[in-house]
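So this one's coords-v1.pdb, PDB, C-alpha atoms, pLDDT in the B column:
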```pdb
MODEL        1
ATOM      1  CA  MET A1164      72.334  67.852  73.165  1.00 54.00           C
ATOM      2  CA  ARG A1165      72.645  65.684  76.252  1.00 56.00           C
ATOM      3  CA  LYS A1166      75.975  64.362  75.016  1.00 55.00           C
ATOM      4  CA  ILE A1167      77.267  67.909  74.545  1.00 52.00           C
ATOM      5  CA  LEU A1168      76.186  68.881  78.069  1.00 49.00           C
ATOM      6  CA  LEU A1169      77.811  65.767  79.494  1.00 48.00           C
ATOM      7  CA  VAL A1170      81.075  66.536  77.709  1.00 47.00           C
ATOM      8  CA  LEU A1171      81.025  70.127  78.995  1.00 50.00           C
ATOM      9  CA  MET A1172      80.373  68.920  82.537  1.00 52.00           C
ATOM     10  CA  LEU A1173      83.224  66.429  82.351  1.00 50.00           C
ATOM     11  CA  VAL A1174      85.593  69.071  80.979  1.00 49.00           C
ATOM     12  CA  GLY A1175      84.598  71.475  83.746  1.00 51.00           C
ATOM     13  CA  GLN A1176      85.071  68.817  86.426  1.00 49.00           C
ATOM     14  CA  SER A1177      88.442  67.852  84.964  1.00 46.00           C
ATOM     15  CA  SER A1178      89.552  71.499  84.944  1.00 48.00           C
ATOM     16  CA  PHE A1179      88.428  71.969  88.561  1.00 50.00           C
ATOM     17  CA  ALA A1180      90.161  68.767  89.663  1.00 54.00           C
ATOM     18  CA  ALA A1181      93.403  69.942  88.063  1.00 75.00           C
ATOM     19  CA  ARG A1182      93.590  73.018  90.287  1.00 85.00           C
ATOM     20  CA  LYS A1183      96.222  72.643  92.979  1.00 93.00           C
ATOM     21  CA  GLU A1184      95.169  73.572  96.491  1.00 96.00           C
ATOM     22  CA  LEU A1185      97.611  76.012  98.039  1.00 97.00           C
ATOM     23  CA  LYS A1186      97.325  76.795 101.738  1.00 97.00           C
ATOM     24  CA  VAL A1187      98.858  80.198 102.495  1.00 97.00           C
ATOM     25  CA  ALA A1188      99.569  81.254 106.093  1.00 97.00           C
ATOM     26  CA  ILE A1189      99.731  84.937 107.053  1.00 96.00           C
ATOM     27  CA  TYR A1190     100.035  86.712 110.391  1.00 93.00           C
ATOM     28  CA  ASN A1191      99.241  90.169 111.734  1.00 91.00           C
ATOM     29  CA  ASN A1192     102.165  92.365 110.653  1.00 91.00           C
ATOM     30  CA  PRO A1193     101.127  95.906 109.634  1.00 91.00           C
ATOM     31  CA  PRO A1194     101.367  97.282 107.002  1.00 92.00           C
ATOM     32  CA  HIS A1195     101.969  93.960 105.243  1.00 95.00           C
ATOM     33  CA  VAL A1196      99.008  92.312 106.987  1.00 94.00           C
ATOM     34  CA  PHE A1197      96.267  93.770 109.161  1.00 92.00           C
ATOM     35  CA  ALA A1198      94.518  90.901 110.890  1.00 86.00           C
ATOM     36  CA  ASN A1199      92.877  89.846 114.093  1.00 74.00           C
ATOM     37  CA  PRO A1200      95.332  87.166 115.284  1.00 58.00           C
ATOM     38  CA  ASP A1201      92.485  84.785 116.160  1.00 57.00           C
ATOM     39  CA  GLY A1202      91.450  84.734 112.506  1.00 53.00           C
ATOM     40  CA  ASN A1203      87.844  85.734 113.189  1.00 56.00           C
ATOM     41  CA  SER A1204      87.852  88.615 110.704  1.00 61.00           C
ATOM     42  CA  SER A1205      89.070  89.012 107.148  1.00 84.00           C
ATOM     43  CA  ALA A1206      92.671  90.119 106.831  1.00 91.00           C
ATOM     44  CA  THR A1207      93.719  93.079 104.695  1.00 93.00           C
ATOM     45  CA  GLY A1208      97.026  94.650 103.776  1.00 94.00           C
ATOM     46  CA  ALA A1209      99.742  94.468 101.156  1.00 96.00           C
ATOM     47  CA  ILE A1210     100.386  90.711 101.334  1.00 97.00           C
ATOM     48  CA  VAL A1211      96.663  89.951 101.140  1.00 96.00           C
ATOM     49  CA  GLU A1212      96.356  92.113  98.020  1.00 97.00           C
ATOM     50  CA  PHE A1213      99.478  90.519  96.530  1.00 98.00           C
ATOM     51  CA  VAL A1214      98.213  86.975  97.137  1.00 97.00           C
ATOM     52  CA  ASN A1215      94.768  87.748  95.725  1.00 96.00           C
ATOM     53  CA  THR A1216      96.206  89.477  92.663  1.00 97.00           C
ATOM     54  CA  TYR A1217      99.007  87.130  91.683  1.00 97.00           C
ATOM     55  CA  LEU A1218      98.013  83.773  93.205  1.00 96.00           C
ATOM     56  CA  GLY A1219      94.271  83.824  93.802  1.00 94.00           C
ATOM     57  CA  SER A1220      93.517  84.905  90.243  1.00 93.00           C
ATOM     58  CA  ARG A1221      95.265  81.897  88.691  1.00 95.00           C
ATOM     59  CA  LYS A1222      93.040  79.184  87.242  1.00 94.00           C
ATOM     60  CA  ASP A1223      95.551  76.459  88.138  1.00 95.00           C
ATOM     61  CA  LEU A1224      95.576  77.296  91.869  1.00 96.00           C
ATOM     62  CA  ASP A1225      92.933  76.959  94.563  1.00 97.00           C
ATOM     63  CA  VAL A1226      94.331  79.391  97.132  1.00 97.00           C
ATOM     64  CA  LYS A1227      93.184  79.264 100.752  1.00 96.00           C
ATOM     65  CA  VAL A1228      94.502  82.090 102.963  1.00 95.00           C
ATOM     66  CA  LEU A1229      94.744  81.209 106.660  1.00 95.00           C
ATOM     67  CA  THR A1230      95.338  83.844 109.349  1.00 93.00           C
ATOM     68  CA  MET A1231      97.174  82.732 112.472  1.00 92.00           C
ATOM     69  CA  PRO A1232      99.748  83.954 115.027  1.00 91.00           C
ATOM     70  CA  PHE A1233     103.332  84.039 113.782  1.00 92.00           C
ATOM     71  CA  PRO A1234     104.557  81.098 115.921  1.00 92.00           C
ATOM     72  CA  ARG A1235     101.820  78.927 114.439  1.00 94.00           C
ATOM     73  CA  CYS A1236     102.847  80.015 110.908  1.00 95.00           C
ATOM     74  CA  LEU A1237     106.306  78.639 111.579  1.00 95.00           C
ATOM     75  CA  ALA A1238     104.955  75.464 113.165  1.00 96.00           C
ATOM     76  CA  GLU A1239     102.447  74.797 110.370  1.00 97.00           C
ATOM     77  CA  ILE A1240     105.156  75.155 107.709  1.00 97.00           C
ATOM     78  CA  GLU A1241     107.554  72.926 109.646  1.00 97.00           C
ATOM     79  CA  ASN A1242     104.846  70.294 110.198  1.00 97.00           C
ATOM     80  CA  LYS A1243     103.762  70.502 106.525  1.00 96.00           C
ATOM     81  CA  LYS A1244     100.213  71.577 107.335  1.00 97.00           C
ATOM     82  CA  VAL A1245     100.389  74.701 105.159  1.00 98.00           C
ATOM     83  CA  ASP A1246     102.259  75.170 101.896  1.00 98.00           C
ATOM     84  CA  VAL A1247     103.421  78.783 102.024  1.00 98.00           C
ATOM     85  CA  ALA A1248     103.940  81.470 104.662  1.00 98.00           C
ATOM     86  CA  PHE A1249     104.874  85.059 103.957  1.00 97.00           C
ATOM     87  CA  LEU A1250     107.283  87.523 105.575  1.00 95.00           C
ATOM     88  CA  VAL A1251     109.775  85.285 107.350  1.00 96.00           C
ATOM     89  CA  ALA A1252     113.346  86.349 108.101  1.00 94.00           C
ATOM     90  CA  LYS A1253     116.082  83.867 107.271  1.00 93.00           C
ATOM     91  CA  THR A1254     117.909  82.063 110.065  1.00 92.00           C
ATOM     92  CA  PRO A1255     120.017  78.864 109.980  1.00 93.00           C
ATOM     93  CA  GLU A1256     117.515  77.119 112.274  1.00 94.00           C
ATOM     94  CA  ARG A1257     114.543  77.935 110.055  1.00 96.00           C
ATOM     95  CA  GLU A1258     116.384  76.897 106.886  1.00 96.00           C
ATOM     96  CA  LYS A1259     116.584  73.378 108.308  1.00 96.00           C
ATOM     97  CA  VAL A1260     112.798  72.951 108.423  1.00 97.00           C
ATOM     98  CA  MET A1261     111.501  75.171 105.591  1.00 98.00           C
ATOM     99  CA  SER A1262     112.560  76.279 102.120  1.00 98.00           C
ATOM    100  CA  TYR A1263     112.994  79.954 101.245  1.00 98.00           C
ATOM    101  CA  ALA A1264     111.968  81.719  98.068  1.00 98.00           C
ATOM    102  CA  THR A1265     114.903  82.734  95.896  1.00 97.00           C
ATOM    103  CA  THR A1266     113.879  86.419  96.043  1.00 96.00           C
ATOM    104  CA  SER A1267     112.724  88.338  99.107  1.00 96.00           C
ATOM    105  CA  LEU A1268     109.514  90.357  98.965  1.00 95.00           C
ATOM    106  CA  ALA A1269     110.498  93.182 101.293  1.00 94.00           C
ATOM    107  CA  LYS A1270     113.243  94.649 103.438  1.00 92.00           C
ATOM    108  CA  THR A1271     112.923  96.136 106.877  1.00 91.00           C
ATOM    109  CA  GLN A1272     115.054  97.816 109.504  1.00 92.00           C
ATOM    110  CA  SER A1273     114.624  96.933 113.164  1.00 95.00           C
ATOM    111  CA  ARG A1274     113.656  99.417 115.886  1.00 96.00           C
ATOM    112  CA  VAL A1275     114.174  99.831 119.607  1.00 98.00           C
ATOM    113  CA  ILE A1276     111.534 101.690 121.610  1.00 98.00           C
ATOM    114  CA  VAL A1277     112.855 103.554 124.658  1.00 98.00           C
ATOM    115  CA  LEU A1278     111.481 106.021 127.161  1.00 98.00           C
ATOM    116  CA  LYS A1279     111.447 109.614 125.986  1.00 96.00           C
ATOM    117  CA  ASP A1280     114.029 110.625 128.608  1.00 95.00           C
ATOM    118  CA  SER A1281     116.471 107.839 127.694  1.00 96.00           C
ATOM    119  CA  LYS A1282     120.086 108.992 127.482  1.00 94.00           C
ATOM    120  CA  LEU A1283     120.487 107.090 124.215  1.00 96.00           C
ATOM    121  CA  LYS A1284     119.392 109.451 121.436  1.00 95.00           C
ATOM    122  CA  GLU A1285     120.316 107.294 118.446  1.00 96.00           C
ATOM    123  CA  ILE A1286     121.924 103.946 117.667  1.00 97.00           C
ATOM    124  CA  LYS A1287     124.935 104.605 115.460  1.00 96.00           C
ATOM    125  CA  GLN A1288     126.444 101.163 115.940  1.00 95.00           C
ATOM    126  CA  PHE A1289     125.414  97.918 117.587  1.00 96.00           C
ATOM    127  CA  SER A1290     127.815  98.454 120.477  1.00 96.00           C
ATOM    128  CA  ASP A1291     125.732 101.441 121.584  1.00 97.00           C
ATOM    129  CA  LEU A1292     123.406  98.830 123.099  1.00 96.00           C
ATOM    130  CA  ASP A1293     126.144  96.955 124.945  1.00 94.00           C
ATOM    131  CA  GLY A1294     124.847  95.874 128.362  1.00 93.00           C
ATOM    132  CA  TRP A1295     121.208  96.623 127.530  1.00 97.00           C
ATOM    133  CA  THR A1296     118.288  94.312 128.228  1.00 97.00           C
ATOM    134  CA  LEU A1297     115.641  94.468 125.520  1.00 97.00           C
ATOM    135  CA  GLY A1298     112.181  92.978 125.523  1.00 97.00           C
ATOM    136  CA  SER A1299     111.155  91.107 122.403  1.00 96.00           C
ATOM    137  CA  SER A1300     108.752  88.540 121.034  1.00 92.00           C
ATOM    138  CA  GLN A1301     109.528  84.951 121.955  1.00 91.00           C
ATOM    139  CA  TYR A1302     109.815  84.092 118.244  1.00 89.00           C
ATOM    140  CA  ALA A1303     111.320  87.298 116.835  1.00 88.00           C
ATOM    141  CA  TYR A1304     114.395  87.308 114.641  1.00 90.00           C
ATOM    142  CA  LEU A1305     117.325  88.583 116.707  1.00 91.00           C
ATOM    143  CA  PRO A1306     120.228  90.194 114.816  1.00 91.00           C
ATOM    144  CA  PRO A1307     123.395  88.246 115.694  1.00 91.00           C
ATOM    145  CA  GLU A1308     125.262  91.559 115.820  1.00 93.00           C
ATOM    146  CA  LEU A1309     123.268  92.525 118.918  1.00 94.00           C
ATOM    147  CA  LEU A1310     123.931  89.192 120.576  1.00 92.00           C
ATOM    148  CA  ASP A1311     127.635  89.572 119.804  1.00 94.00           C
ATOM    149  CA  VAL A1312     127.880  92.884 121.694  1.00 94.00           C
ATOM    150  CA  GLY A1313     126.243  91.490 124.817  1.00 92.00           C
ATOM    151  CA  VAL A1314     122.618  92.587 124.453  1.00 96.00           C
ATOM    152  CA  LYS A1315     120.307  90.466 126.590  1.00 96.00           C
ATOM    153  CA  PHE A1316     116.836  89.683 125.288  1.00 96.00           C
ATOM    154  CA  ASP A1317     113.946  89.151 127.685  1.00 95.00           C
ATOM    155  CA  ARG A1318     111.434  87.410 125.446  1.00 94.00           C
ATOM    156  CA  LEU A1319     107.663  87.222 125.936  1.00 93.00           C
ATOM    157  CA  GLY A1320     105.031  85.065 124.281  1.00 88.00           C
ATOM    158  CA  GLY A1321     101.337  85.712 123.797  1.00 85.00           C
ATOM    159  CA  LEU A1322      99.376  87.905 121.416  1.00 82.00           C
ATOM    160  CA  ASP A1323      99.768  90.984 123.637  1.00 89.00           C
ATOM    161  CA  HIS A1324     103.535  90.665 124.142  1.00 91.00           C
ATOM    162  CA  ARG A1325     104.302  94.080 122.639  1.00 92.00           C
ATOM    163  CA  VAL A1326     101.903  95.963 124.895  1.00 94.00           C
ATOM    164  CA  ARG A1327     103.173  94.053 127.922  1.00 95.00           C
ATOM    165  CA  ASN A1328     106.756  94.825 126.947  1.00 96.00           C
ATOM    166  CA  LEU A1329     105.925  98.518 126.567  1.00 96.00           C
ATOM    167  CA  GLU A1330     104.573  98.502 130.098  1.00 96.00           C
ATOM    168  CA  ARG A1331     107.839  96.957 131.286  1.00 97.00           C
ATOM    169  CA  VAL A1332     109.754  99.737 129.504  1.00 97.00           C
ATOM    170  CA  ARG A1333     107.502 102.300 131.199  1.00 96.00           C
ATOM    171  CA  LEU A1334     108.255 100.716 134.606  1.00 96.00           C
ATOM    172  CA  LYS A1335     111.993 100.559 133.752  1.00 96.00           C
ATOM    173  CA  LYS A1336     112.112  96.808 134.183  1.00 97.00           C
ATOM    174  CA  ILE A1337     113.826  96.573 130.778  1.00 97.00           C
ATOM    175  CA  ASP A1338     115.846  99.164 128.862  1.00 97.00           C
ATOM    176  CA  GLY A1339     113.836  99.064 125.662  1.00 98.00           C
ATOM    177  CA  LEU A1340     111.635  97.029 123.352  1.00 98.00           C
ATOM    178  CA  PHE A1341     113.183  95.451 120.258  1.00 97.00           C
ATOM    179  CA  ILE A1342     110.938  94.963 117.209  1.00 95.00           C
ATOM    180  CA  ALA A1343     112.412  93.269 114.153  1.00 92.00           C
ATOM    181  CA  ASN A1344     109.991  94.699 111.562  1.00 90.00           C
ATOM    182  CA  GLY A1345     110.391  98.458 111.804  1.00 89.00           C
ATOM    183  CA  LEU A1346     107.357  99.350 109.693  1.00 88.00           C
ATOM    184  CA  SER A1347     104.974  97.840 112.224  1.00 89.00           C
ATOM    185  CA  VAL A1348     106.297 100.131 114.975  1.00 93.00           C
ATOM    186  CA  ASP A1349     104.419 103.119 113.543  1.00 89.00           C
ATOM    187  CA  TYR A1350     101.120 101.382 114.185  1.00 89.00           C
ATOM    188  CA  LEU A1351     102.137 100.299 117.667  1.00 91.00           C
ATOM    189  CA  MET A1352     103.104 103.861 118.567  1.00 93.00           C
ATOM    190  CA  ALA A1353      99.951 105.339 117.061  1.00 90.00           C
ATOM    191  CA  GLN A1354      97.928 103.189 119.470  1.00 90.00           C
ATOM    192  CA  ASN A1355     100.163 103.140 122.554  1.00 93.00           C
ATOM    193  CA  ASN A1356     102.135 106.395 122.656  1.00 94.00           C
ATOM    194  CA  LYS A1357      99.303 108.877 123.023  1.00 92.00           C
ATOM    195  CA  ASN A1358     101.009 110.402 126.090  1.00 92.00           C
ATOM    196  CA  ASN A1359     104.271 110.805 124.191  1.00 95.00           C
ATOM    197  CA  GLU A1360     106.188 108.635 126.678  1.00 96.00           C
ATOM    198  CA  PHE A1361     108.358 106.766 124.183  1.00 97.00           C
ATOM    199  CA  ARG A1362     110.862 107.384 121.417  1.00 97.00           C
ATOM    200  CA  VAL A1363     111.767 105.089 118.525  1.00 97.00           C
ATOM    201  CA  LEU A1364     115.390 104.424 117.567  1.00 97.00           C
ATOM    202  CA  LYS A1365     116.494 102.804 114.324  1.00 96.00           C
ATOM    203  CA  VAL A1366     118.816  99.813 114.541  1.00 95.00           C
ATOM    204  CA  PRO A1367     121.600  99.881 111.897  1.00 94.00           C
ATOM    205  CA  ASN A1368     120.605  96.621 110.266  1.00 90.00           C
ATOM    206  CA  GLU A1369     118.633  95.557 107.207  1.00 90.00           C
ATOM    207  CA  MET A1370     116.590  92.390 107.119  1.00 91.00           C
ATOM    208  CA  GLU A1371     115.054  90.561 104.164  1.00 94.00           C
ATOM    209  CA  LEU A1372     111.559  89.114 104.480  1.00 96.00           C
ATOM    210  CA  TYR A1373     110.789  86.037 102.396  1.00 97.00           C
ATOM    211  CA  ALA A1374     108.037  83.675 101.445  1.00 98.00           C
ATOM    212  CA  VAL A1375     108.810  80.206 102.783  1.00 98.00           C
ATOM    213  CA  PHE A1376     107.592  76.812 101.589  1.00 98.00           C
ATOM    214  CA  ARG A1377     107.035  73.476 103.236  1.00 97.00           C
ATOM    215  CA  LYS A1378     110.062  71.280 102.665  1.00 97.00           C
ATOM    216  CA  ASP A1379     108.191  68.689 100.593  1.00 97.00           C
ATOM    217  CA  LEU A1380     106.297  71.120  98.340  1.00 97.00           C
ATOM    218  CA  ASP A1381     106.568  69.794  94.796  1.00 96.00           C
ATOM    219  CA  PRO A1382     109.300  71.405  92.660  1.00 97.00           C
ATOM    220  CA  LYS A1383     106.863  72.555  89.976  1.00 96.00           C
ATOM    221  CA  THR A1384     104.858  74.612  92.465  1.00 97.00           C
ATOM    222  CA  VAL A1385     108.006  75.962  94.116  1.00 97.00           C
ATOM    223  CA  GLN A1386     109.281  77.130  90.727  1.00 97.00           C
ATOM    224  CA  LEU A1387     105.913  78.722  89.919  1.00 97.00           C
ATOM    225  CA  LEU A1388     105.880  80.641  93.213  1.00 97.00           C
ATOM    226  CA  ASN A1389     109.501  81.707  92.841  1.00 98.00           C
ATOM    227  CA  ASP A1390     108.775  82.995  89.338  1.00 98.00           C
ATOM    228  CA  ILE A1391     105.731  84.967  90.528  1.00 97.00           C
ATOM    229  CA  ILE A1392     107.640  86.560  93.417  1.00 97.00           C
ATOM    230  CA  GLU A1393     110.673  87.421  91.295  1.00 97.00           C
ATOM    231  CA  LYS A1394     108.571  88.871  88.484  1.00 97.00           C
ATOM    232  CA  ASN A1395     106.405  90.953  90.828  1.00 97.00           C
ATOM    233  CA  HIS A1396     108.901  92.066  93.473  1.00 96.00           C
ATOM    234  CA  ALA A1397     108.704  95.692  92.313  1.00 96.00           C
ATOM    235  CA  ASN A1398     104.915  95.483  92.118  1.00 97.00           C
ATOM    236  CA  TYR A1399     104.818  94.451  95.771  1.00 97.00           C
ATOM    237  CA  GLN A1400     106.712  97.587  96.771  1.00 95.00           C
ATOM    238  CA  THR A1401     104.050  99.638  94.972  1.00 96.00           C
ATOM    239  CA  ILE A1402     101.260  97.744  96.730  1.00 96.00           C
ATOM    240  CA  LEU A1403     103.000  98.129 100.097  1.00 95.00           C
ATOM    241  CA  SER A1404     103.343 101.900  99.698  1.00 93.00           C
ATOM    242  CA  LYS A1405      99.547 102.223  99.735  1.00 93.00           C
ATOM    243  CA  TYR A1406      99.306 100.721 103.220  1.00 91.00           C
ATOM    244  CA  ILE A1407     102.148 102.516 104.998  1.00 87.00           C
ATOM    245  CA  LEU A1408     100.917 104.869 107.703  1.00 70.00           C
ATOM    246  CA  LYS A1409     101.755 108.338 106.456  1.00 48.00           C
ATOM    247  CA  ASP A1410     101.144 110.348 109.611  1.00 40.00           C
ATOM    248  CA  ALA A1411     102.612 108.029 112.251  1.00 37.00           C
ATOM    249  CA  PRO A1412     104.754 109.709 114.951  1.00 31.00           C
TER     250      PRO A1412
ENDMDL
END
```
Would you encode the structure as structure tokens?
Amino acid sequence: MRKILLVLMLVGQSSFAARKELKVAIYNNPPHVFANPDGNSSATGAIVEFVNTYLGSRKDLDVKVLTMPFPRCLAEIENKKVDVAFLVAKTPEREKVMSYATTSLAKTQSRVIVLKDSKLKEIKQFSDLDGWTLGSSQYAYLPPELLDVGVKFDRLGGLDHRVRNLERVRLKKIDGLFIANGLSVDYLMAQNNKNNEFRVLKVPNEMELYAVFRKDLDPKTVQLLNDIIEKNHANYQTILSKYILKDAP
């Protein structure tokens, strides 16, 4: 009996030891992720559900989800301190220091927030913003088409950069606020446009959001993650639809 128990214990320990630890970085990005940027509370949202369902349930992976500000996500991937980060737009600079999944998880369209009385009623083409100065996050993806037509970006850092930029729009210190991920604008407006001071304009671009991997992540794990993302791309859209704010202005 003792021999049987010992064998079972050894098998269990061997199985546990074979699990690969996978550190996954996420950042506050509604509706994909709802999280306190300081990581003091549990994150929720579509990416969290996706990771728990398709990665956390696997017996061969020991998944640890870490919530952090977006700039730190990029830094931790580049410095090989985390293995995977979700929802990263592709740029030549980032491709030098991280590897991208073969299939994106989501698409988004950028937005510009302007004052309600702005003369610009819609953005039909990038040149409609020629000569404008737009606030943005210090680390946001900037469409090259906007840079090509002479848009100037006044970039802010810090966790409250969006609220601070909105105040600068209100004071007419900048022409508008650029936000790369359009879906998150609904939540920003729900919280900060209660006096109906602002309007939201769609930018005529489409941006893919990817999972990215540390450059030295072993090929077997990279292939596994790529397969999971490719196989469940449509499932992620279904998950995401549950978290989109239906009654946002």
Requested in this report: Give as a PyMOL selection string the set of residues within 9 Å of the point (111.4, 77.5, 110.9), where distances use the file's coordinates and all atoms listed in the file.
Outcome: chain A and resi 1236-1238+1240-1241+1251+1253-1262+1375
Report task. Any chance you could resolve the PyMOL selection byres ((chain A and resi 1271-1274) around 10) against this file and give the residues as a ChimeraX atom specification? Result -> /A:1252,1269-1270,1275-1277,1286,1304-1306,1339-1348,1363-1372
Residues as selected, C-alpha atoms, written as a short mmCIF file (atom, residue, chain, number, x, y, z; two decimals), keeping the file's coordinate frame, can you do that?
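File result_18.cif, as written:
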```cif
data_model
loop_
_atom_site.label_atom_id
_atom_site.label_comp_id
_atom_site.auth_asym_id
_atom_site.auth_seq_id
_atom_site.Cartn_x
_atom_site.Cartn_y
_atom_site.Cartn_z
CA ALA A 1252 113.35 86.35 108.10
CA ALA A 1269 110.50 93.18 101.29
CA LYS A 1270 113.24 94.65 103.44
CA VAL A 1275 114.17 99.83 119.61
CA ILE A 1276 111.53 101.69 121.61
CA VAL A 1277 112.86 103.55 124.66
CA ILE A 1286 121.92 103.95 117.67
CA TYR A 1304 114.40 87.31 114.64
CA LEU A 1305 117.32 88.58 116.71
CA PRO A 1306 120.23 90.19 114.82
CA GLY A 1339 113.84 99.06 125.66
CA LEU A 1340 111.64 97.03 123.35
CA PHE A 1341 113.18 95.45 120.26
CA ILE A 1342 110.94 94.96 117.21
CA ALA A 1343 112.41 93.27 114.15
CA ASN A 1344 109.99 94.70 111.56
CA GLY A 1345 110.39 98.46 111.80
CA LEU A 1346 107.36 99.35 109.69
CA SER A 1347 104.97 97.84 112.22
CA VAL A 1348 106.30 100.13 114.98
CA VAL A 1363 111.77 105.09 118.52
CA LEU A 1364 115.39 104.42 117.57
CA LYS A 1365 116.49 102.80 114.32
CA VAL A 1366 118.82 99.81 114.54
CA PRO A 1367 121.60 99.88 111.90
CA ASN A 1368 120.60 96.62 110.27
CA GLU A 1369 118.63 95.56 107.21
CA MET A 1370 116.59 92.39 107.12
CA GLU A 1371 115.05 90.56 104.16
CA LEU A 1372 111.56 89.11 104.48
#
```
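Taking only C-alpha atoms into account, A:Asn1242 lies nearest to A:Asp1379 out of the set A:Asp1379, A:Glu1393, A:Asp1280, A:Glu1308.
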Query raised in the report: So what do you get for atom CA of A:Glu1184 versus atom CA of A:Asp1246, distance-wise?
Result: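 Those two atoms sit 9.1 Å apart.
Taking atom CA of A:Leu1297 and atom CA of A:Pro1234 as endpoints, the distance between them is 19.8 Å.
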Query raised in the report: Hey, which of A:Ser1281, A:Thr1265, A:Ser1404, A:Thr1216 ends up closest to A:Val1385? Count only C-alpha atoms.
Result: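 Selected residue with least distance to A:Val1385: A:Thr1265.
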Query raised in the report: Written as a PyMOL selection string, which residues does the PyMOL selection byres ((chain A and resi 1388) around 12) give for the file shown?
Result: chain A and resi 1185+1187+1214+1217-1218+1221+1224+1246-1249+1262-1268+1373-1376+1380-1387+1389-1396
Report task. Could you jot down the atom CA of A:Arg1318 to atom CA of A:Asp1338 separation for me, Å, one decimal place? Result ->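 According to the coordinates, atom CA of A:Arg1318 and atom CA of A:Asp1338 are separated by 13.0 Å.
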Query - Close residues, A:Val1326 itself excluded, 10 Å, only C-alpha atoms, min 3 positions apart in chain, as a ChimeraX atom specification - result: /A:1322-1323,1329-1332,1340,1351,1354-1355
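For the residues A:Ala1188, A:Leu1278, A:Ile1210, A:Val1245, ranking by smallest atom-to-atom distance to A:Asn1359 using only C-alpha atoms places A:Leu1278 first.
Distance annotation: of A:Leu1408, A:Phe1289, A:Val1211, A:Arg1325, the residue with the minimal separation from A:Gly1313 is A:Phe1289; atom set is only C-alpha atoms.
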Requested in this report: Write out as a list in words each polymer residue whose atoms come within 9 Å of A:Tyr1190, counting only C-alpha atoms; drop sequence neighbours fewer than 4 positions from it.
Outcome: Val1196, Phe1197, Ala1198, Asn1199, Pro1200, Ala1206, Leu1229, Thr1230, Met1231, Pro1232, Phe1233, Arg1235, Cys1236, Ala1248, Phe1249 and Leu1250 of chain A
Query raised in the report: From the set A:Asp1291, A:Ser1300, A:Phe1213, A:Asp1225, which residue has the shortest atom-to-atom contact distance to A:Ala1397, counting only C-alpha atoms?
Result: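 The answer is A:Phe1213, which sits nearest to A:Ala1397.
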**Report entry** Residue among A:Arg1377, A:Gly1294, A:Asn1358, A:Met1352 lying closest to A:Lys1186, counting all atoms listed in the file
**Finding:**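 Among A:Arg1377, A:Gly1294, A:Asn1358, A:Met1352, it is A:Arg1377 that comes nearest to A:Lys1186.
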